[in-house]
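Asks: This is the content of final09.cif (mmCIF, C-alpha atoms):
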data_structure
#
loop_
_atom_site.group_PDB
_atom_site.id
_atom_site.type_symbol
_atom_site.label_atom_id
_atom_site.label_comp_id
_atom_site.auth_asym_id
_atom_site.auth_seq_id
_atom_site.Cartn_x
_atom_site.Cartn_y
_atom_site.Cartn_z
ATOM 1 C CA MET A 180 14.510 28.307 -9.136
ATOM 2 C CA ASP A 181 14.591 31.535 -11.096
ATOM 3 C CA ASN A 182 16.813 32.219 -14.099
ATOM 4 C CA ARG A 183 19.472 34.019 -12.055
ATOM 5 C CA GLN A 184 20.113 30.948 -9.896
ATOM 6 C CA ALA A 185 20.282 28.677 -12.934
ATOM 7 C CA ILE A 186 22.753 30.979 -14.689
ATOM 8 C CA GLY A 187 24.809 31.353 -11.505
ATOM 9 C CA SER A 188 25.217 27.597 -11.125
ATOM 10 C CA TRP A 189 26.106 27.280 -14.808
ATOM 11 C CA LEU A 190 28.765 30.000 -14.587
ATOM 12 C CA SER A 191 30.379 28.612 -11.442
ATOM 13 C CA GLY A 192 30.794 25.156 -12.981
ATOM 14 C CA PRO A 193 29.721 21.625 -12.211
ATOM 15 C CA ARG A 194 31.872 21.268 -9.086
ATOM 16 C CA ALA A 195 30.322 24.311 -7.409
ATOM 17 C CA ALA A 196 26.836 23.169 -8.379
ATOM 18 C CA ALA A 197 27.500 19.696 -6.959
ATOM 19 C CA GLU A 198 28.909 21.181 -3.747
ATOM 20 C CA GLU A 199 25.791 23.350 -3.375
ATOM 21 C CA ALA A 200 23.735 20.177 -3.727
ATOM 22 C CA GLY A 201 25.641 18.626 -0.812
ATOM 23 C CA ALA A 202 28.482 16.656 -2.450
ATOM 24 C CA ASP A 203 31.766 16.671 -0.512
ATOM 25 C CA PHE A 204 34.853 16.467 -2.727
ATOM 26 C CA GLY A 205 37.350 17.170 0.036
ATOM 27 C CA TYR A 206 40.449 19.236 -0.574
ATOM 28 C CA ARG A 207 43.043 18.885 -3.315
ATOM 29 C CA GLY A 208 45.468 16.120 -2.443
ATOM 30 C CA GLU A 209 43.295 14.432 0.174
ATOM 31 C CA GLN A 210 43.065 11.228 -1.880
ATOM 32 C CA LEU A 211 46.869 11.190 -2.132
ATOM 33 C CA GLY A 212 47.354 11.571 1.620
ATOM 34 C CA LEU A 213 48.807 15.067 1.350
ATOM 35 C CA PRO A 214 48.105 17.929 3.769
ATOM 36 C CA GLU A 215 45.576 20.599 2.854
ATOM 37 C CA GLU A 216 47.940 23.560 3.314
ATOM 38 C CA GLY A 217 51.591 24.256 3.977
ATOM 39 C CA PRO A 218 54.651 22.229 3.009
ATOM 40 C CA GLY A 219 53.797 19.014 1.207
ATOM 41 C CA SER A 220 50.422 20.252 -0.041
ATOM 42 C CA ILE A 221 49.468 20.302 -3.726
ATOM 43 C CA ALA A 222 51.067 23.224 -5.570
ATOM 44 C CA ARG A 223 48.639 25.881 -6.747
ATOM 45 C CA PRO A 224 48.339 26.675 -10.466
ATOM 46 C CA GLY A 225 49.700 30.224 -10.105
ATOM 47 C CA ARG A 226 52.966 29.057 -8.598
ATOM 48 C CA ARG A 227 53.275 26.270 -11.148
ATOM 49 C CA LEU A 228 52.744 28.700 -14.019
ATOM 50 C CA GLY A 229 55.247 31.154 -12.536
ATOM 51 C CA ALA A 230 57.862 28.411 -12.244
ATOM 52 C CA LEU A 231 57.190 27.351 -15.834
ATOM 53 C CA VAL A 232 57.660 30.938 -17.077
ATOM 54 C CA VAL A 233 60.972 31.254 -15.202
ATOM 55 C CA ASP A 234 62.238 27.926 -16.551
ATOM 56 C CA TRP A 235 61.139 28.706 -20.107
ATOM 57 C CA THR A 236 62.763 32.164 -19.976
ATOM 58 C CA LEU A 237 65.994 30.669 -18.688
ATOM 59 C CA CYS A 238 65.980 28.066 -21.484
ATOM 60 C CA LEU A 239 65.173 30.759 -24.045
ATOM 61 C CA LEU A 240 68.124 32.841 -22.907
ATOM 62 C CA ILE A 241 70.436 29.829 -23.054
ATOM 63 C CA ALA A 242 69.238 28.868 -26.534
ATOM 64 C CA TYR A 243 69.315 32.425 -27.867
ATOM 65 C CA GLY A 244 72.639 33.456 -26.410
ATOM 66 C CA LEU A 245 74.707 30.293 -26.376
ATOM 67 C CA ILE A 246 73.383 27.968 -29.060
ATOM 68 C CA THR A 247 71.753 29.872 -31.925
ATOM 69 C CA ASP A 248 73.749 33.093 -31.483
ATOM 70 C CA GLY A 249 70.657 35.186 -32.177
ATOM 71 C CA TYR A 250 69.337 33.195 -35.151
ATOM 72 C CA GLU A 251 65.657 33.582 -34.310
ATOM 73 C CA GLN A 252 64.196 30.844 -36.515
ATOM 74 C CA ALA A 253 66.063 28.068 -34.722
ATOM 75 C CA THR A 254 65.752 29.516 -31.221
ATOM 76 C CA SER A 255 62.316 28.057 -30.413
ATOM 77 C CA ASN A 256 63.360 24.509 -31.312
ATOM 78 C CA TRP A 257 66.540 24.755 -29.282
ATOM 79 C CA THR A 258 64.612 26.295 -26.392
ATOM 80 C CA LEU A 259 62.335 23.250 -26.258
ATOM 81 C CA LEU A 260 65.359 20.903 -26.310
ATOM 82 C CA VAL A 261 67.109 22.860 -23.533
ATOM 83 C CA PHE A 262 63.836 22.833 -21.535
ATOM 84 C CA LEU A 263 63.627 19.054 -21.954
ATOM 85 C CA LEU A 264 67.212 18.574 -20.783
ATOM 86 C CA LEU A 265 66.757 20.983 -17.876
ATOM 87 C CA GLY A 266 63.651 19.162 -16.702
ATOM 88 C CA VAL A 267 65.109 15.674 -16.983
ATOM 89 C CA LEU A 268 68.418 16.526 -15.338
ATOM 90 C CA THR A 269 67.206 18.747 -12.498
ATOM 91 C CA VAL A 270 63.936 17.014 -11.603
ATOM 92 C CA GLY A 271 65.573 13.595 -11.950
ATOM 93 C CA THR A 272 68.417 14.493 -9.569
ATOM 94 C CA LEU A 273 67.241 17.320 -7.290
ATOM 95 C CA GLY A 274 63.449 17.103 -7.553
ATOM 96 C CA PHE A 275 63.019 20.660 -8.813
ATOM 97 C CA THR A 276 63.993 23.024 -11.618
ATOM 98 C CA PRO A 277 65.377 26.524 -10.989
ATOM 99 C CA GLY A 278 61.886 27.999 -11.457
ATOM 100 C CA LYS A 279 60.316 25.493 -9.080
ATOM 101 C CA ARG A 280 63.013 26.235 -6.499
ATOM 102 C CA LEU A 281 62.382 29.965 -6.837
ATOM 103 C CA PHE A 282 58.634 29.472 -6.283
ATOM 104 C CA GLY A 283 59.074 26.946 -3.465
ATOM 105 C CA LEU A 284 57.880 23.844 -5.331
ATOM 106 C CA ARG A 285 59.119 20.273 -5.528
ATOM 107 C CA VAL A 286 58.243 17.196 -7.601
ATOM 108 C CA LEU A 287 57.782 13.937 -5.687
ATOM 109 C CA ALA A 288 57.122 10.386 -6.789
ATOM 110 C CA LEU A 289 54.002 9.054 -5.091
ATOM 111 C CA ALA A 290 55.503 5.636 -4.405
ATOM 112 C CA THR A 291 58.965 6.551 -3.103
ATOM 113 C CA GLY A 292 59.076 10.305 -2.634
ATOM 114 C CA ARG A 293 62.164 10.636 -4.854
ATOM 115 C CA VAL A 294 61.741 11.075 -8.593
ATOM 116 C CA SER A 295 63.812 8.624 -10.602
ATOM 117 C CA PRO A 296 65.444 9.812 -13.841
ATOM 118 C CA TRP A 297 63.088 7.747 -16.036
ATOM 119 C CA ARG A 298 60.036 9.238 -14.272
ATOM 120 C CA ALA A 299 61.493 12.707 -14.729
ATOM 121 C CA ALA A 300 62.120 11.979 -18.414
ATOM 122 C CA LEU A 301 58.567 10.719 -18.956
ATOM 123 C CA ARG A 302 57.087 13.677 -17.066
ATOM 124 C CA THR A 303 59.178 16.221 -18.978
ATOM 125 C CA VAL A 304 58.506 14.711 -22.410
ATOM 126 C CA LEU A 305 54.772 14.780 -21.704
ATOM 127 C CA LEU A 306 55.063 18.343 -20.394
ATOM 128 C CA CYS A 307 56.772 19.351 -23.657
ATOM 129 C CA LEU A 308 53.772 17.995 -25.567
ATOM 130 C CA ALA A 309 51.637 20.570 -23.631
ATOM 131 C CA ILE A 310 48.307 18.716 -24.003
ATOM 132 C CA PRO A 311 48.833 16.422 -20.980
ATOM 133 C CA ALA A 312 49.720 19.451 -18.852
ATOM 134 C CA LEU A 313 46.414 21.110 -19.733
ATOM 135 C CA VAL A 314 44.286 18.134 -18.622
ATOM 136 C CA TRP A 315 43.926 18.097 -14.818
ATOM 137 C CA ASP A 316 42.258 15.790 -12.339
ATOM 138 C CA ARG A 317 40.343 16.874 -9.246
ATOM 139 C CA ASP A 318 43.547 16.975 -7.194
ATOM 140 C CA GLY A 319 45.093 19.510 -9.570
ATOM 141 C CA ARG A 320 47.587 17.065 -11.061
ATOM 142 C CA GLY A 321 48.205 17.268 -14.775
ATOM 143 C CA LEU A 322 47.989 14.199 -16.953
ATOM 144 C CA HIS A 323 51.784 14.270 -17.268
ATOM 145 C CA ASP A 324 52.063 13.918 -13.466
ATOM 146 C CA ARG A 325 49.482 11.131 -13.329
ATOM 147 C CA LEU A 326 51.174 9.088 -16.060
ATOM 148 C CA ALA A 327 54.612 9.548 -14.482
ATOM 149 C CA GLY A 328 53.311 8.770 -10.968
ATOM 150 C CA THR A 329 54.468 12.131 -9.612
ATOM 151 C CA VAL A 330 52.937 15.095 -7.829
ATOM 152 C CA GLU A 331 54.089 18.710 -7.580
ATOM 153 C CA VAL A 332 53.959 19.988 -4.013
ATOM 154 C CA ARG A 333 54.956 23.021 -2.011
ATOM 155 C CA ALA A 334 58.443 22.667 -0.520
#
Let's see the structure in the file written out as structure tokens.

Replies:
Amino acid sequence: MDNRQAIGSWLSGPRAAAEEAGADFGYRGEQLGLPEEGPGSIARPGRRLGALVVDWTLCLLIAYGLITDGYEQATSNWTLLVFLLLGVLTVGTLGFTPGKRLFGLRVLALATGRVSPWRAALRTVLLCLAIPALVWDRDGRGLHDRLAGTVEVRA
């Protein structure tokens, strides 16, 4: 093996190097019994991030315009509280937030398919902490989804 091959495997990451060696990881969501593509498959990170940006912008506008009346120092705290309420109420009742609906995503409980309000509350509180959302498993689920027993799929 020359240096270019060694650097190439290092840059592509451990998963790509293991797959080149013959390991089969399957597709995202296979272990959960979800389809590989189409409705019901694991949501891709781009769509999830887009939905998060839409939801955060909506909450920012609500906090800025209706609650703090333009007082910028308090707006970020109120935005986080509005985001928490939006997530708990909409995911706990409908299974999606406005941003998720716009991007064609839905949150499901693995056991029942319908997200209960306490699962939605746990998921949203952990999402507000940000760290659990940045730690993903091989299926693309964040730690907040794993702890709440939920999965975000394409609608």

Asks: Enter the distance from CA of Arg227 in chain A to CA of Lys279 in chain A, in Å, rounded to one decimal.

Replies: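 Interatomic distance, CA of Arg227 in chain A to CA of Lys279 in chain A: 7.4 Å.
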
Asks: Fewer than 6 positions away in the same chain doesn't count, so skip those; otherwise give me all residues within 10 Å of Ile221 in chain A, counting only C-alpha atoms, as a PyMOL selection string.

Replies: chain A and resi 206-209+211+213-215+284-285+318-320+330-334

Asks: Report the closest atom pair, with its distance in Å rounded to one decimal, for each residue of range 245-267 of chain A that has an atom no farther than 12 Å from range 298-315 of chain A; count all atoms listed in the file, sort by chain and then rising residue number, and write it as a Markdown table.

Replies:
| residue | atom | partner | partner_atom | distance |
| --- | --- | --- | --- | --- |
| A:Asn256 | CA | A:Cys307 | CA | 11.3 |
| A:Thr258 | CA | A:Cys307 | CA | 10.8 |
| A:Leu259 | CA | A:Cys307 | CA | 7.3 |
| A:Leu260 | CA | A:Cys307 | CA | 9.1 |
| A:Val261 | CA | A:Cys307 | CA | 10.9 |
| A:Phe262 | CA | A:Cys307 | CA | 8.2 |
| A:Leu263 | CA | A:Thr303 | CA | 6.1 |
| A:Leu264 | CA | A:Thr303 | CA | 8.6 |
| A:Leu265 | CA | A:Thr303 | CA | 9.0 |
| A:Gly266 | CA | A:Thr303 | CA | 5.8 |
| A:Val267 | CA | A:Ala300 | CA | 5.0 |

Asks: Find the distance between CA of Asp248 in chain A and CA of Ala230 in chain A and write it in Å to one decimal.

Replies: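 Taking CA of Asp248 in chain A as the start and CA of Ala230 in chain A as the end point, the length is 25.4 Å.
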
Asks: Determine the residue set returned by the PyMOL selection byres ((chain A and resi 233) around 10) for the present structure, and present it as a list of chain:residue names.

Replies: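 Evaluating the PyMOL selection byres ((chain A and resi 233) around 10) on this file yields A:Leu228, A:Gly229, A:Ala230, A:Leu231, A:Val232, A:Asp234, A:Trp235, A:Thr236, A:Leu237, A:Cys238, A:Leu239, A:Thr276, A:Pro277, A:Gly278, A:Lys279, A:Leu281, A:Phe282.
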
Asks: Within 9 Å of Ala288 in chain A, counting all atoms listed in the file, which residues qualify if same-chain residues fewer than 3 places away don't, as an mmCIF file with C-alpha atoms, in the coordinates of the input?

Replies:
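Result saved to around.cif:
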data_model
loop_
_atom_site.group_PDB
_atom_site.id
_atom_site.type_symbol
_atom_site.label_atom_id
_atom_site.label_comp_id
_atom_site.auth_asym_id
_atom_site.auth_seq_id
_atom_site.Cartn_x
_atom_site.Cartn_y
_atom_site.Cartn_z
ATOM 1 C CA THR A 291 58.965 6.551 -3.103
ATOM 2 C CA GLY A 292 59.076 10.305 -2.634
ATOM 3 C CA ARG A 293 62.164 10.636 -4.854
ATOM 4 C CA VAL A 294 61.741 11.075 -8.593
ATOM 5 C CA SER A 295 63.812 8.624 -10.602
ATOM 6 C CA ARG A 298 60.036 9.238 -14.272
ATOM 7 C CA ALA A 327 54.612 9.548 -14.482
ATOM 8 C CA GLY A 328 53.311 8.770 -10.968
ATOM 9 C CA THR A 329 54.468 12.131 -9.612
ATOM 10 C CA VAL A 330 52.937 15.095 -7.829
ATOM 11 C CA GLU A 331 54.089 18.710 -7.580
#
